[in-house]
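Shown below: start.txt, with compact mmCIF, C-alpha atoms and all ligand atoms.
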```txt
# COMPACT_ATOMS: atom_id res chain seq x y z
CA MET X 9 0.00 0.00 0.00
CA LYS X 10 1.55 3.27 -1.15
CA PRO X 11 -0.34 6.42 -0.20
CA VAL X 12 0.98 9.16 -2.45
CA PRO X 13 1.75 12.21 -0.29
CA GLY X 14 -0.31 15.18 -1.41
CA ILE X 15 -1.98 13.26 -4.21
CA PHE X 16 -5.03 15.52 -4.06
CA ASN X 17 -2.87 18.59 -4.71
CA LEU X 18 -1.34 17.20 -7.89
CA SER X 19 -2.39 18.40 -11.33
CA PRO X 20 -4.72 16.20 -13.42
CA PRO X 21 -1.83 15.03 -15.69
CA GLU X 22 0.29 14.16 -12.64
CA ILE X 23 -2.56 12.14 -11.11
CA ALA X 24 -3.19 10.43 -14.46
CA GLY X 25 0.52 9.53 -14.69
CA ILE X 26 0.42 7.84 -11.28
CA GLN X 27 -2.78 6.04 -12.25
CA ASP X 28 -1.23 4.84 -15.53
CA ASP X 29 1.58 3.15 -13.58
CA LEU X 30 -0.76 1.67 -10.98
CA LEU X 31 -3.17 0.38 -13.61
CA ARG X 32 -0.34 -1.37 -15.45
CA GLU X 33 0.86 -2.86 -12.17
CA THR X 34 -2.69 -3.97 -11.24
CA VAL X 35 -3.38 -5.67 -14.57
CA GLU X 36 -0.04 -7.47 -14.49
CA TYR X 37 -0.66 -8.62 -10.92
CA ALA X 38 -4.23 -9.78 -11.62
CA ALA X 39 -3.14 -11.63 -14.75
CA SER X 40 -0.53 -13.56 -12.80
CA ALA X 41 -1.99 -13.97 -9.30
CA SER X 42 -5.77 -14.21 -9.78
CA PRO X 43 -6.89 -17.52 -11.36
CA TYR X 44 -9.99 -15.82 -12.76
CA TYR X 45 -8.14 -12.98 -14.49
CA ARG X 46 -5.35 -15.31 -15.61
CA GLU X 47 -7.99 -17.21 -17.56
CA VAL X 48 -10.05 -14.26 -18.76
CA LEU X 49 -7.11 -12.16 -19.86
CA LYS X 50 -5.53 -15.08 -21.70
CA GLU X 51 -8.84 -15.73 -23.52
CA ASP X 52 -8.92 -12.07 -24.32
CA GLY X 53 -5.96 -12.53 -26.66
CA GLY X 54 -3.31 -11.20 -24.29
CA ARG X 55 -4.77 -7.71 -24.16
CA ALA X 56 -3.52 -7.36 -20.61
CA GLY X 57 -0.01 -6.80 -21.89
CA SER X 58 -1.20 -3.95 -24.07
CA VAL X 59 -2.76 -2.01 -21.20
CA ARG X 60 -0.28 0.79 -20.68
CA ARG X 61 -2.40 3.72 -19.57
CA LEU X 62 -5.86 4.90 -18.48
CA ALA X 63 -6.97 5.33 -22.07
CA ASP X 64 -6.53 1.56 -22.54
CA LEU X 65 -8.91 0.75 -19.68
CA PRO X 66 -12.04 0.31 -21.87
CA SER X 67 -10.24 -2.45 -23.79
CA LEU X 68 -10.34 -4.67 -20.69
CA PRO X 69 -13.41 -6.88 -20.20
CA LEU X 70 -15.95 -5.94 -17.53
CA THR X 71 -16.33 -8.10 -14.42
CA SER X 72 -19.86 -8.80 -13.23
CA ARG X 73 -21.02 -9.23 -9.66
CA GLU X 74 -22.57 -12.58 -10.64
CA GLU X 75 -19.20 -13.81 -11.85
CA VAL X 76 -17.51 -12.76 -8.61
CA GLN X 77 -20.25 -14.59 -6.68
CA ARG X 78 -20.10 -17.71 -8.84
CA ARG X 79 -16.33 -18.02 -8.93
CA ASN X 80 -15.45 -16.25 -5.70
CA ARG X 81 -12.34 -18.28 -4.85
CA ASP X 82 -10.90 -17.81 -8.34
CA PHE X 83 -10.71 -14.10 -7.63
CA TRP X 84 -8.50 -14.62 -4.58
CA ALA X 85 -5.01 -13.58 -5.51
CA ALA X 86 -2.88 -13.49 -2.35
CA PRO X 87 -1.11 -16.50 -0.81
CA ARG X 88 -3.00 -17.79 2.21
CA ASP X 89 -0.24 -16.90 4.67
CA ARG X 90 -0.44 -13.23 3.71
CA VAL X 91 -4.16 -12.89 4.39
CA VAL X 92 -4.95 -11.18 7.70
CA GLU X 93 -8.69 -10.52 7.32
CA ILE X 94 -11.58 -12.10 5.44
CA VAL X 95 -14.60 -9.84 4.99
CA ALA X 96 -17.82 -10.34 3.06
CA THR X 97 -20.44 -8.42 1.13
CA THR X 98 -23.85 -8.29 2.76
CA GLY X 99 -25.26 -10.29 -0.14
CA THR X 100 -28.58 -8.51 -0.71
CA THR X 101 -28.89 -10.67 -3.81
CA GLY X 102 -27.58 -14.22 -3.95
CA GLU X 103 -24.48 -15.60 -2.29
CA PRO X 104 -22.17 -13.38 -0.26
CA VAL X 105 -18.76 -12.63 -1.72
CA TYR X 106 -15.86 -13.35 0.62
CA MET X 107 -12.89 -11.08 0.24
CA PRO X 108 -9.44 -11.79 1.65
CA MET X 109 -7.32 -8.83 2.70
CA THR X 110 -3.57 -8.72 3.23
CA ARG X 111 -1.87 -6.44 5.73
CA ASP X 112 -1.26 -3.94 2.92
CA ASP X 113 -4.94 -4.06 1.94
CA VAL X 114 -5.88 -3.25 5.53
CA GLU X 115 -3.41 -0.35 5.51
CA ARG X 116 -4.94 0.92 2.26
CA LEU X 117 -8.39 0.77 3.87
CA ALA X 118 -7.17 2.58 7.00
CA GLU X 119 -5.45 5.36 5.04
CA ASN X 120 -8.50 5.84 2.85
CA GLU X 121 -10.73 6.23 5.91
CA ARG X 122 -8.24 8.42 7.76
CA ARG X 123 -8.64 10.92 4.94
CA GLY X 124 -12.43 10.87 5.29
CA PHE X 125 -12.13 11.78 8.97
CA GLU X 126 -9.44 14.37 8.33
CA TRP X 127 -11.61 16.10 5.70
CA LEU X 128 -14.43 16.15 8.23
CA GLY X 129 -12.14 18.05 10.59
CA ALA X 130 -11.27 15.22 12.98
CA ARG X 131 -8.09 15.79 14.97
CA PRO X 132 -5.90 13.72 17.27
CA GLY X 133 -7.56 13.66 20.67
CA ASP X 134 -11.10 13.69 19.27
CA ARG X 135 -13.64 11.07 20.24
CA TYR X 136 -15.80 9.36 17.64
CA HIS X 137 -18.97 7.49 18.49
CA VAL X 138 -18.97 4.56 16.04
CA ALA X 139 -22.56 3.33 15.76
CA VAL X 140 -21.77 0.80 13.05
CA THR X 141 -21.37 -2.96 13.35
CA LEU X 142 -17.74 -3.95 13.80
CA ASP X 143 -18.07 -7.70 13.46
CA ASN X 144 -20.11 -10.00 11.22
CA LEU X 145 -17.45 -9.81 8.45
CA PHE X 146 -18.37 -6.17 7.89
CA VAL X 147 -15.56 -4.18 6.36
CA ALA X 148 -16.92 -0.66 7.00
CA GLY X 149 -16.89 -0.91 10.80
CA MET X 150 -13.26 -2.01 10.69
CA ALA X 151 -12.44 0.77 8.23
CA TYR X 152 -13.73 3.50 10.55
CA HIS X 153 -12.00 1.98 13.53
CA LEU X 154 -8.65 1.78 11.72
CA GLY X 155 -9.05 5.20 10.15
CA LEU X 156 -9.57 6.81 13.55
CA HIS X 157 -6.54 5.01 14.98
CA ARG X 158 -4.41 6.14 12.07
CA LEU X 159 -5.54 9.70 12.61
CA GLY X 160 -4.90 9.56 16.35
CA ALA X 161 -8.52 9.97 17.39
CA ALA X 162 -10.38 7.69 19.80
CA ALA X 163 -12.93 5.22 18.49
CA VAL X 164 -15.88 4.63 20.81
CA ARG X 165 -17.01 1.30 19.37
CA ILE X 166 -20.57 0.99 20.50
CA GLY X 167 -21.74 -0.64 17.28
CA ALA X 168 -25.42 -1.51 16.86
CA GLN X 169 -27.24 -0.98 20.16
CA PRO X 170 -30.68 0.23 21.27
CA ALA X 171 -31.29 3.98 20.91
CA ARG X 172 -31.19 4.74 24.65
CA ARG X 173 -27.77 3.13 25.00
CA HIS X 174 -26.41 5.47 22.30
CA LEU X 175 -27.97 8.52 23.91
CA ASP X 176 -26.62 7.60 27.36
CA LEU X 177 -23.13 7.09 25.99
CA MET X 178 -23.19 10.39 24.12
CA ARG X 179 -24.20 12.24 27.25
CA GLN X 180 -21.46 10.54 29.26
CA LEU X 181 -18.55 10.78 26.82
CA ARG X 182 -19.58 13.82 24.72
CA PRO X 183 -18.08 12.59 21.44
CA ASP X 184 -16.77 15.15 18.93
CA GLY X 185 -18.05 13.12 16.02
CA MET X 186 -20.15 10.18 15.03
CA VAL X 187 -20.23 7.46 12.39
CA CYS X 188 -23.66 6.07 11.59
CA VAL X 189 -26.45 5.31 9.13
CA PRO X 190 -28.44 8.51 8.40
CA SER X 191 -31.86 7.04 9.22
CA ARG X 192 -30.49 5.95 12.60
CA LEU X 193 -30.08 9.62 13.49
CA LEU X 194 -33.82 10.08 13.03
CA THR X 195 -34.56 7.16 15.37
CA LEU X 196 -32.18 8.54 17.98
CA ALA X 197 -33.69 12.02 17.76
CA ARG X 198 -37.20 10.56 18.16
CA GLN X 199 -36.14 8.56 21.23
CA ALA X 200 -34.52 11.64 22.74
CA ARG X 201 -37.72 13.65 22.23
CA GLU X 202 -39.77 10.91 23.89
CA ASP X 203 -37.36 10.95 26.83
CA GLY X 204 -37.54 14.74 27.12
CA LEU X 205 -33.95 15.26 25.99
CA ASP X 206 -32.65 17.86 23.55
CA VAL X 207 -30.05 16.17 21.33
CA ARG X 208 -28.51 19.57 20.63
CA ASP X 209 -27.24 19.52 24.22
CA PHE X 210 -24.89 16.63 23.44
CA ALA X 211 -24.89 16.34 19.62
CA PRO X 212 -21.45 15.26 18.37
CA GLY X 213 -21.25 18.11 15.82
CA LYS X 214 -19.57 16.09 13.05
CA PHE X 215 -21.10 13.14 11.25
CA LEU X 216 -19.59 10.65 8.82
CA LEU X 217 -22.57 8.91 7.28
CA ILE X 218 -22.73 5.49 5.72
CA GLY X 219 -25.43 4.00 3.50
CA ASP X 220 -28.32 6.13 2.28
CA SER X 221 -27.42 9.32 0.50
CA ILE X 222 -28.33 12.62 2.13
CA ARG X 223 -28.10 14.51 -1.16
CA GLY X 224 -29.98 14.40 -4.43
CA GLN X 225 -28.80 14.45 -8.03
CA ASP X 226 -28.36 18.23 -7.79
CA LEU X 227 -26.00 17.62 -4.81
CA MET X 228 -28.34 19.58 -2.55
CA PRO X 229 -29.63 17.97 0.67
CA ASN X 230 -32.54 15.58 0.05
CA THR X 231 -35.43 15.05 2.45
CA LEU X 232 -33.45 12.67 4.66
CA GLY X 233 -30.52 15.12 4.69
CA ARG X 234 -32.78 18.01 5.68
CA LEU X 235 -34.50 16.03 8.43
CA ILE X 236 -31.28 14.91 10.12
CA ALA X 237 -29.72 18.37 9.77
CA GLU X 238 -32.78 19.91 11.45
CA ALA X 239 -32.62 17.40 14.28
CA TRP X 240 -28.89 17.38 14.98
CA GLY X 241 -27.21 20.36 13.31
CA GLY X 242 -23.47 20.14 12.74
CA GLU X 243 -21.45 19.02 9.76
CA MET X 244 -22.71 16.02 7.78
CA ARG X 245 -20.68 14.12 5.21
CA SER X 246 -21.83 11.28 3.00
CA THR X 247 -19.68 8.33 2.09
CA TYR X 248 -20.21 5.65 -0.52
CA GLY X 249 -18.48 2.44 0.44
CA LEU X 250 -18.19 -0.80 -1.39
CA THR X 251 -16.83 -3.96 0.21
CA GLU X 252 -15.44 -5.20 -3.11
CA ALA X 253 -13.51 -1.93 -3.55
CA GLY X 254 -12.05 -2.24 -0.06
CA LEU X 255 -12.68 1.46 0.49
CA ALA X 256 -15.16 4.31 0.41
CA PHE X 257 -15.63 7.55 -1.52
CA HIS X 258 -15.82 10.65 0.67
CA GLU X 259 -17.59 13.94 0.52
CA CYS X 260 -15.29 16.94 1.05
CA PRO X 261 -16.00 20.28 2.79
CA ALA X 262 -17.39 21.69 -0.50
CA HIS X 263 -20.18 19.08 -0.58
CA CYS X 264 -19.67 18.82 -4.30
CA GLY X 265 -19.78 15.08 -4.93
CA LEU X 266 -17.92 12.12 -3.45
CA HIS X 267 -14.17 12.06 -4.04
CA SER X 268 -12.49 8.87 -5.12
CA HIS X 269 -8.98 8.28 -3.80
CA PRO X 270 -6.91 8.40 -7.00
CA GLU X 271 -4.10 6.01 -6.10
CA PHE X 272 -6.50 3.39 -4.69
CA LEU X 273 -9.23 3.22 -7.32
CA LEU X 274 -10.29 4.08 -10.86
CA CYS X 275 -13.91 4.78 -11.70
CA GLU X 276 -15.90 4.87 -14.89
CA ILE X 277 -19.57 5.29 -15.70
CA VAL X 278 -20.89 3.10 -18.52
CA ASP X 279 -24.14 3.10 -20.48
CA GLU X 280 -26.43 0.22 -21.48
CA GLU X 281 -24.00 -0.87 -24.19
CA ASP X 282 -21.08 -0.71 -21.74
CA SER X 283 -19.60 2.35 -23.42
CA PRO X 284 -17.99 4.89 -21.09
CA LEU X 285 -20.19 7.95 -20.52
CA PRO X 286 -19.00 11.55 -20.27
CA ALA X 287 -19.15 13.45 -16.96
CA GLY X 288 -22.63 14.40 -15.84
CA GLU X 289 -24.44 11.51 -17.52
CA PRO X 290 -25.89 8.84 -15.23
CA GLY X 291 -24.98 5.22 -15.82
CA GLU X 292 -23.54 2.21 -14.02
CA LEU X 293 -20.53 2.82 -11.82
CA VAL X 294 -17.60 0.57 -12.78
CA ILE X 295 -14.52 0.43 -10.59
CA THR X 296 -10.97 -0.88 -10.91
CA THR X 297 -9.13 -1.34 -7.62
CA LEU X 298 -5.51 -0.17 -7.45
CA GLN X 299 -2.84 -1.56 -5.10
CA VAL X 300 -5.08 -4.40 -3.90
CA GLN X 301 -3.47 -7.75 -3.20
CA GLY X 302 -6.22 -9.95 -1.76
CA MET X 303 -8.88 -9.67 -4.42
CA PRO X 304 -8.04 -7.22 -7.21
CA LEU X 305 -10.95 -6.28 -9.47
CA LEU X 306 -10.73 -4.96 -13.01
CA ARG X 307 -13.65 -2.96 -14.36
CA TYR X 308 -16.08 -4.32 -11.80
CA ARG X 309 -19.76 -3.53 -12.34
CA THR X 310 -21.09 -2.20 -9.06
CA GLY X 311 -24.76 -2.32 -10.16
CA ASP X 312 -25.11 1.20 -8.74
CA ILE X 313 -26.20 4.14 -10.86
CA SER X 314 -24.34 7.41 -10.45
CA PHE X 315 -22.51 9.97 -12.56
CA ILE X 316 -19.15 11.66 -12.65
CA VAL X 317 -19.39 15.21 -11.33
CA PRO X 318 -18.11 17.51 -14.09
CA GLY X 319 -15.36 20.05 -13.54
CA SER X 320 -12.89 20.46 -10.73
CA CYS X 321 -14.01 20.56 -7.11
CA PRO X 322 -14.20 23.96 -5.35
CA CYS X 323 -12.27 22.34 -2.47
CA GLY X 324 -9.23 22.11 -4.76
CA ARG X 325 -8.73 18.36 -4.43
CA GLY X 326 -8.00 16.53 -7.66
CA GLY X 327 -9.24 13.16 -8.86
CA THR X 328 -12.62 11.89 -10.01
CA ARG X 329 -15.79 12.62 -8.04
CA ILE X 330 -19.08 10.79 -8.33
CA GLY X 331 -22.57 12.01 -7.50
CA PRO X 332 -24.89 10.30 -5.03
CA ILE X 333 -26.13 6.82 -5.89
CA LEU X 334 -29.35 7.36 -7.84
CA GLY X 335 -30.52 3.77 -7.65
CA ARG X 336 -29.71 0.13 -8.32
CA LYS X 337 -29.41 -0.85 -11.97
CA ARG X 338 -31.74 -3.84 -11.63
CA GLN X 339 -34.43 -1.64 -10.06
CA ARG X 340 -34.60 0.65 -13.08
CA LEU X 341 -38.14 1.42 -14.17
CA LYS X 342 -39.25 2.06 -17.75
CA LEU X 343 -42.30 4.27 -17.86
CA LYS X 344 -43.73 5.76 -21.06
CA GLY X 345 -40.37 6.58 -22.57
CA THR X 346 -38.91 7.71 -19.24
CA THR X 347 -36.33 5.82 -17.24
CA LEU X 348 -36.22 6.32 -13.50
CA TYR X 349 -35.35 4.59 -10.25
CA PRO X 350 -37.59 3.87 -7.25
CA LYS X 351 -35.34 6.17 -5.23
CA ALA X 352 -36.56 9.18 -7.23
CA ILE X 353 -40.18 8.32 -6.40
CA GLU X 354 -39.28 7.66 -2.75
CA GLU X 355 -37.68 11.06 -2.58
CA VAL X 356 -40.92 12.75 -3.73
CA LEU X 357 -43.07 10.76 -1.32
CA LEU X 358 -40.76 11.46 1.62
CA SER X 359 -41.25 15.18 1.07
CA ALA X 360 -45.04 14.96 0.55
CA ALA X 361 -46.98 16.37 3.52
CA GLY X 362 -49.71 14.00 4.65
CA VAL X 363 -48.06 10.85 3.28
CA GLU X 364 -47.16 8.83 6.36
CA ASN X 365 -45.68 5.78 4.66
CA PHE X 366 -45.65 4.13 1.25
CA VAL X 367 -44.83 1.09 -0.83
CA ILE X 368 -43.80 1.31 -4.48
CA GLU X 369 -44.62 -1.70 -6.65
CA ALA X 370 -43.29 -2.50 -10.12
CA HIS X 371 -45.16 -4.86 -12.46
CA ALA X 372 -44.15 -5.98 -15.95
CA GLU X 373 -46.41 -5.02 -18.85
CA LYS X 374 -46.72 -7.11 -22.00
CA ASP X 375 -45.19 -4.35 -24.16
CA GLY X 376 -41.93 -4.48 -22.21
CA THR X 377 -42.60 -1.34 -20.18
CA ASP X 378 -43.28 -1.28 -16.45
CA ARG X 379 -46.42 -0.46 -14.53
CA VAL X 380 -45.63 1.34 -11.31
CA VAL X 381 -48.10 1.48 -8.45
CA ILE X 382 -47.63 3.79 -5.49
CA ARG X 383 -49.49 2.74 -2.37
CA ALA X 384 -49.46 5.77 -0.10
CA GLY X 385 -50.55 5.61 3.54
CA THR X 386 -52.51 8.71 4.50
CA ALA X 387 -55.36 9.76 6.76
CA ASP X 388 -56.65 12.06 4.01
CA ARG X 389 -57.95 9.92 1.17
CA SER X 390 -60.01 12.64 -0.52
CA SER X 391 -59.89 13.28 -4.26
CA ILE X 392 -58.38 16.72 -3.61
CA PHE X 393 -55.48 15.16 -1.72
CA ARG X 394 -55.06 12.58 -4.47
CA ASN X 395 -55.00 15.22 -7.23
CA ASN X 396 -52.52 17.38 -5.36
CA LEU X 397 -50.24 14.43 -4.72
CA ASN X 398 -50.47 13.34 -8.36
CA ASP X 399 -49.56 16.86 -9.49
CA MET X 400 -46.63 16.96 -7.10
CA ILE X 401 -45.33 13.60 -8.32
CA TYR X 402 -45.68 14.66 -11.95
CA SER X 403 -43.91 17.97 -11.35
CA LYS X 404 -40.90 16.14 -9.88
CA ILE X 405 -40.53 13.04 -12.03
CA ARG X 406 -42.57 13.86 -15.16
CA VAL X 407 -44.61 10.67 -15.05
CA THR X 408 -47.75 9.68 -13.15
CA PRO X 409 -47.58 6.19 -11.70
CA GLU X 410 -50.85 4.64 -10.48
CA LEU X 411 -51.68 6.06 -7.08
CA ILE X 412 -53.61 4.14 -4.42
CA LEU X 413 -54.40 5.85 -1.12
CA GLU X 414 -54.68 3.51 1.85
CA ALA X 415 -54.80 3.60 5.62
CA PRO X 416 -51.26 3.92 7.07
CA GLY X 417 -51.85 0.76 9.10
CA GLU X 418 -52.37 -1.25 5.91
CA ILE X 419 -49.14 0.09 4.42
CA GLU X 420 -47.31 -0.68 7.64
CA LYS X 421 -48.39 -4.32 7.26
CA ALA X 422 -47.22 -4.39 3.65
CA LEU X 423 -43.85 -2.86 4.58
CA PHE X 424 -43.12 -5.61 7.08
CA GLU X 425 -44.84 -8.45 5.23
CA GLY X 426 -43.41 -11.89 5.99
CA GLY X 427 -41.94 -10.76 9.31
CA ARG X 428 -39.26 -8.54 7.78
CA ARG X 429 -36.95 -6.74 10.18
CA LYS X 430 -36.49 -3.80 7.84
CA PRO X 431 -39.34 -2.16 5.92
CA ARG X 432 -39.40 -2.87 2.20
CA THR X 433 -40.47 0.25 0.33
CA PHE X 434 -39.91 -1.16 -3.17
CA VAL X 435 -41.45 -4.46 -4.26
CA ASP X 436 -40.43 -5.76 -7.65
CA TYR X 437 -43.00 -8.14 -9.14
CA ARG X 438 -41.22 -8.08 -12.51
CA GLU X 439 -38.66 -10.67 -11.46
CA SER X 440 -41.19 -13.41 -10.62
ZN ZN X 501 -13.98 18.48 -3.01
```

Whole structure, structure tokens version:
Amino acid sequence: MKPVPGIFNLSPPEIAGIQDDLLRETVEYAASASPYYREVLKEDGGRAGSVRRLADLPSLPLTSREEVQRRNRDFWAAPRDRVVEIVATTGTTGEPVYMPMTRDDVERLAENERRGFEWLGARPGDRYHVAVTLDNLFVAGMAYHLGLHRLGAAAVRIGAQPARRHLDLMRQLRPDGMVCVPSRLLTLARQAREDGLDVRDFAPGKFLLIGDSIRGQDLMPNTLGRLIAEAWGGEMRSTYGLTEAGLAFHECPAHCGLHSHPEFLLCEIVDEEDSPLPAGEPGELVITTLQVQGMPLLRYRTGDISFIVPGSCPCGRGGTRIGPILGRKRQRLKLKGTTLYPKAIEEVLLSAAGVENFVIEAHAEKDGTDRVVIRAGTADRSSIFRNNLNDMIYSKIRVTPELILEAPGEIEKALFEGGRRKPRTFVDYRES
């Protein structure tokens, strides 16, 4: 693991030069150490040897998530005695992917996360309340822990605990910052209100957030972002982490997209035909890991839809930035010539006054398009409310899905159908 000192201050050609070298190194390593890439790159007519620079990247084949799941062990590249950690993806679809990490991979992870904390303003001596699982093969919890150590700040590893336990700990230790899932902040604020506490009295002031985005496509705070900012105040930064990448992207003080760490990762956005898209255009995020020994990945399809933020960042840091994740590729909806993701509809419903909860359903139509049904839970089921909500949805997403108004209790049942622990707001009937 080689962090390049001051990499973010280098000029675009200097960064590209470093990435050229690291890409060449990565392809050579994968072609020799990873059984999967040895095979694929040989079949590919020895193209690996012709990859000299970033411009050659599109000539390499893409790697799908399914392939990594199906042939997981063939992606393992490091000798067994150099592996110090084995982590896994959460496996929302299909089998989990196990990923071995060498000591250098762990250092790469720690350095990457140290930067995220540093950009947030963390300093040696600070205390960070880490409300993220640290075990269960979860890489992110370990990343935050190591990043804080590397920075010289204290990690308060509470992990996943009931709301009151978090609130008690915050009042006792007064952390300077916090790492958590954005929606968790809403739960904690609600619990505090019920207990007659004002979270502002002990709010950590700095938040590194994992999971759901708190910004929309325009990079402005979305409904979730606004709600947590109202409740807690302070500085909030999004991250986008990916187990397979062995790192996360970080928002900087300018809140102008999520920075990739140039010497650890390359990113591309590709369209339906797998052609690279220019900055600003949404498509699938494809990543190539740099300096990874355990499980290097070349042009890996993340299945997440985002875009490259055009132009240089006002914060002055170089390297590629991506926008928030707009949705999952397999959840894409085709509606009367418009393509959108359930997240866009969720965003509208979250900001609609009077809508207490909702479920979005997608059904396949015979003509290849999708029929989308919004089941909204509301006490007001009048035609005026319905028309206003329809207008609001149309004004935001330019389509009008079918709208069914129901009692919130009915929606609540649908959200937790089958004894689910987490509510399911999007139900895809197209797959069955
Ligand atoms: Zn920036």

Quiz item: Mind listing the residues within 10 Å of ligand ZN 501 (chain X), only C-alpha atoms and all ligand atoms counted, as a VMD selection string?
Solution: chain X and resid 16 127 258 to 268 320 to 329

Exercise. Excluding region 393-401 of chain X and residues on its chain fewer than 2 positions from it, collect all residues at most 8 Å away from it, counting only C-alpha atoms, and give them as a PyMOL selection string.
Key: chain X and resi 353+356-357+360+388-391+403-408+411+413

Could you give me, as a tab-separated table, a per-residue list for region 222-290 of chain X showing, wherever an atom lies at most 8 Å from an atom of region 297-318 of chain X, the closest pair of atoms and their distance in Å to one decimal, using all atoms listed in the file and sorting by chain then residue number from low to high?
```
residue	atom	partner	partner_atom	distance
X:Glu252	CA	X:Leu305	CA	7.9
X:Ala253	CA	X:Thr297	CA	6.0
X:Cys264	CA	X:Val317	CA	7.9
X:Gly265	CA	X:Val317	CA	6.4
X:Glu271	CA	X:Leu298	CA	6.5
X:Phe272	CA	X:Leu298	CA	4.6
X:Leu273	CA	X:Thr297	CA	4.6
X:Leu274	CA	X:Thr297	CA	6.4
X:Glu276	CA	X:Ile316	CA	7.9
X:Ile277	CA	X:Phe315	CA	6.4
X:Pro286	CA	X:Ile316	CA	7.6
X:Ala287	CA	X:Ile316	CA	4.7
X:Gly288	CA	X:Ile316	CA	5.5
X:Glu289	CA	X:Phe315	CA	5.5
X:Pro290	CA	X:Phe315	CA	4.5
```

Self-check item: Among listed residues X:Ile166, X:Phe146, X:Val138, X:Ser19, nearest Leu217 (chain X) (using only C-alpha atoms)
Solution: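 Of X:Ile166, X:Phe146, X:Val138, X:Ser19, the one nearest Leu217 (chain X) is X:Val138, counting only C-alpha atoms.
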
Where is the centre and how long are the edges: axis-aligned box on region 129-134 of chain X, 8 Å on each side, Å to one decimal, as JSON:
```
{"center_x": -9.0, "center_y": 15.9, "center_z": 15.6, "size_x": 22.2, "size_y": 20.4, "size_z": 26.1}
```

Quiz item: In Å, with one decimal, what is the gap from CA of Ala86 (chain X) to CA of Leu117 (chain X)?
Solution: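 If I compute the distance from CA of Ala86 (chain X) to CA of Leu117 (chain X), I get 16.5 Å.
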
Closest atom pairs, region 43-90 of chain X residues within 8 Å of region 27-37 of chain X, only C-alpha atoms, as a tab-separated table:
```
residue	atom	partner	partner_atom	distance
X:Ala56	CA	X:Val35	CA	6.3
X:Gly57	CA	X:Glu36	CA	7.4
X:Val59	CA	X:Arg32	CA	6.3
X:Arg60	CA	X:Arg32	CA	5.7
X:Arg61	CA	X:Asp28	CA	4.4
X:Leu62	CA	X:Asp28	CA	5.5
```

Selected residues, C-alpha atoms, written as a PDB file, keeping the file's coordinate frame, please.
```pdb
ATOM      1  CA  ALA X  56      -3.520  -7.360 -20.610  1.00  0.00           C
ATOM      2  CA  GLY X  57      -0.010  -6.800 -21.890  1.00  0.00           C
ATOM      3  CA  VAL X  59      -2.760  -2.010 -21.200  1.00  0.00           C
ATOM      4  CA  ARG X  60      -0.280   0.790 -20.680  1.00  0.00           C
ATOM      5  CA  ARG X  61      -2.400   3.720 -19.570  1.00  0.00           C
ATOM      6  CA  LEU X  62      -5.860   4.900 -18.480  1.00  0.00           C
TER       7      LEU X  62
END
```

Practice problem: Just give me the gap between CA of Asp176 (chain X) and CA of Tyr248 (chain X) in Å, one decimal is fine. | Solution: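 Between these atoms lies a distance of 28.7 Å.
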
Practice problem: Tell me, as a PyMOL selection string, which residues lie within 7 Å of region 417-421 of chain X, counting only C-alpha atoms; anything in the same chain fewer than 4 positions away does not count. | Solution: chain X and resi 365-367+385+425

Print the selection's residues with C-alpha atoms to a file, as a PDB file, keeping the file's coordinate frame.
```pdb
ATOM      1  CA  ASN X 365     -45.680   5.780   4.660  1.00  0.00           C
ATOM      2  CA  PHE X 366     -45.650   4.130   1.250  1.00  0.00           C
ATOM      3  CA  VAL X 367     -44.830   1.090  -0.830  1.00  0.00           C
ATOM      4  CA  GLY X 385     -50.550   5.610   3.540  1.00  0.00           C
ATOM      5  CA  GLU X 425     -44.840  -8.450   5.230  1.00  0.00           C
TER       6      GLU X 425
END
```

Quiz item: With only C-alpha atoms as the basis for distance, which of X:Pro212, X:Pro190, X:Gly124, X:Pro284 is at the shortest distance from Ile236 (chain X)?
Solution: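 Residue with the minimum atom-to-atom distance to Ile236 (chain X): X:Pro190.
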
Taking a cut-off of 12 Å and counting all atoms listed in the file, can you build a table that, for each residue of region 106-179 of chain X near region 240-246 of chain X, reports the nearest atom pair and how far apart they are in Å (one decimal), sorted by chain then residue number, as a Markdown table?
```
| residue | atom | partner | partner_atom | distance |
| --- | --- | --- | --- | --- |
| X:Gly124 | CA | X:Arg245 | CA | 8.9 |
| X:Phe125 | CA | X:Arg245 | CA | 9.6 |
| X:Glu126 | CA | X:Arg245 | CA | 11.7 |
| X:Trp127 | CA | X:Arg245 | CA | 9.3 |
| X:Leu128 | CA | X:Arg245 | CA | 7.2 |
| X:Gly129 | CA | X:Glu243 | CA | 9.4 |
| X:Ala130 | CA | X:Glu243 | CA | 11.3 |
```

Name all residues at most 8 Å from Leu154 (chain X) (count only C-alpha atoms; drop same-chain ones fewer than 5 positions away) and give them as a short mmCIF file (atom, residue, chain, number, x, y, z; two decimals) with C-alpha atoms, in the frame of the given file.
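File selection-v2.cif, as written:
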```cif
data_model
loop_
_atom_site.label_atom_id
_atom_site.label_comp_id
_atom_site.auth_asym_id
_atom_site.auth_seq_id
_atom_site.Cartn_x
_atom_site.Cartn_y
_atom_site.Cartn_z
CA LEU X 117 -8.39 0.77 3.87
CA ALA X 118 -7.17 2.58 7.00
CA GLU X 121 -10.73 6.23 5.91
CA ARG X 122 -8.24 8.42 7.76
#
```

Quiz item: With all atoms listed in the file as the basis for distance, which of X:Arg428, X:Arg379, X:Arg79, X:Arg223 is at the shortest distance from Gly331 (chain X)?
Solution: X:Arg223

Quiz item: Given the choices X:Ala163, X:Ala39, X:Ala211, X:Val105, which gets closest to Arg73 (chain X) if the distance is worked out from all atoms listed in the file?
Solution: X:Val105
